[in-house]
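One structure is given here, and the rest of the page talks about it.
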Amino acid sequence: MKLYSLLNNLILESVNRTEVEDAIEKHRTCRVYYEGDDTIEKGWRWVEPYVLGLSTIGNPIIRVYQMQGVTDTEQPGWKTFRTDRISQWVKTPKMFYSPISDRVSGVPKYNTNGDKSMTIIYKQAKF
């Protein structure tokens, strides 16, 4: 039964935390497939990952700047996604060396002091 449980968890596993942390640390643009939920449409998104943490209600989340892809809201823009709803995570060769707010006029500033939607921060981009 333990082997079945282990295999089942591997099959249903969402994005690997180590992959997310590596992309944040190395400032890598990623392509992610977000499974969505009742209010968010599923599909591919191209993002710059900035912060990985735990939401105020206990879900693992990531703060990203979404540049392209499926969205139910204004795009591009700052978004928060539950990592347990990301089924595919692909790092691209493209890197970013400064926050998007320093590179694109009119983009709300990246908060280097944390993220108010998170109670715990596991990894945050440093510039």
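Following the order of the structure tokens, chains are lettered A, B, ..., residues in each are numbered from 1, and ligands are numbered from 1.
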
- [ ] Write down as a PyMOL selection string the residues belonging to range 8-107 of chain A that are assigned strand (DSSP E) by DSSP computed on the backbone.
- [x] chain A and resi 28-34+43-55+60-69+77-82+86-95

Open item on the list: According to DSSP computed on the backbone, where in range 1-67 of chain A is there helix (DSSP H, G or I)? Give the residues as JSON, numbers by chain.
Closed with: {"A": [2, 3, 4, 5, 6, 7, 8, 9, 10, 11, 12, 17, 18, 19, 20, 21, 22, 23, 24, 25]}

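Distances here use only C-alpha atoms; by that measure, the residue among A:Gly43, A:Tyr65, A:Ile24, A:Leu52 closest to Lys109 in chain A is A:Tyr65.
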
- [ ] Point out the residue among A:Ser101, A:Thr80, A:Gln68, A:Thr18 with the least atom-to-atom distance to Ser55 in chain A, counting only C-alpha atoms.
- [x]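 Of A:Ser101, A:Thr80, A:Gln68, A:Thr18, the one nearest Ser55 in chain A, counting only C-alpha atoms, is A:Thr80.
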
Open item on the list: Excluding Leu54 in chain A and its own-chain neighbours fewer than 5 positions away, which residues fall within 10 Å of it when counting only C-alpha atoms? Please give them as a ChimeraX atom specification.
Closed with: /A:59-62,82-83,117-122

- [ ] Please provide as a PyMOL selection string all residues within 6 Å of Arg63 in chain A, with the sequence filter that same-chain residues fewer than 4 positions apart are discarded (counting only C-alpha atoms).
- [x] chain A and resi 50-51+79-80

Export of prior selection with all heavy atoms as a short mmCIF file (atom, residue, chain, number, x, y, z; two decimals), in the first residue's frame:
```cif
data_model
loop_
_atom_site.label_atom_id
_atom_site.label_comp_id
_atom_site.auth_asym_id
_atom_site.auth_seq_id
_atom_site.Cartn_x
_atom_site.Cartn_y
_atom_site.Cartn_z
N TYR A 50 8.85 35.66 -8.98
CA TYR A 50 9.50 36.55 -8.02
C TYR A 50 9.50 36.04 -6.58
O TYR A 50 10.48 36.20 -5.87
CB TYR A 50 8.84 37.94 -8.05
CG TYR A 50 9.23 38.74 -9.27
CD1 TYR A 50 8.57 38.57 -10.48
CD2 TYR A 50 10.27 39.66 -9.22
CE1 TYR A 50 8.94 39.29 -11.61
CE2 TYR A 50 10.64 40.38 -10.34
CZ TYR A 50 9.97 40.20 -11.53
OH TYR A 50 10.35 40.90 -12.65
N VAL A 51 8.37 35.47 -6.14
CA VAL A 51 8.26 35.06 -4.73
C VAL A 51 7.50 33.75 -4.62
O VAL A 51 6.46 33.58 -5.24
CB VAL A 51 7.53 36.13 -3.88
CG1 VAL A 51 7.58 35.78 -2.39
CG2 VAL A 51 8.10 37.52 -4.10
N LYS A 79 0.49 38.54 -10.88
CA LYS A 79 -0.48 37.48 -10.58
C LYS A 79 0.05 36.60 -9.46
O LYS A 79 1.26 36.51 -9.24
CB LYS A 79 -0.72 36.58 -11.81
CG LYS A 79 -1.04 37.32 -13.11
CD LYS A 79 -2.46 37.83 -13.13
CE LYS A 79 -2.75 38.71 -14.32
NZ LYS A 79 -2.95 38.11 -15.57
N THR A 80 -0.85 35.93 -8.79
CA THR A 80 -0.51 34.91 -7.80
C THR A 80 -1.16 33.62 -8.25
O THR A 80 -2.35 33.59 -8.55
CB THR A 80 -1.03 35.30 -6.41
OG1 THR A 80 -0.48 36.56 -6.04
CG2 THR A 80 -0.61 34.27 -5.36
#
```

Open item on the list: Just the number, please: distance in Å from CA of Trp44 in chain A to CA of Gln88 in chain A, one decimal.
Closed with: 8.9 Å

Open item on the list: Could you check the closest approach to Arg45 in chain A for each of A:Lys26, A:Lys91, A:Arg17, A:Lys126 and tell me which residue wins, using only C-alpha atoms?
Closed with: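 When distances to Arg45 in chain A are compared using only C-alpha atoms, the smallest one comes from A:Lys91.
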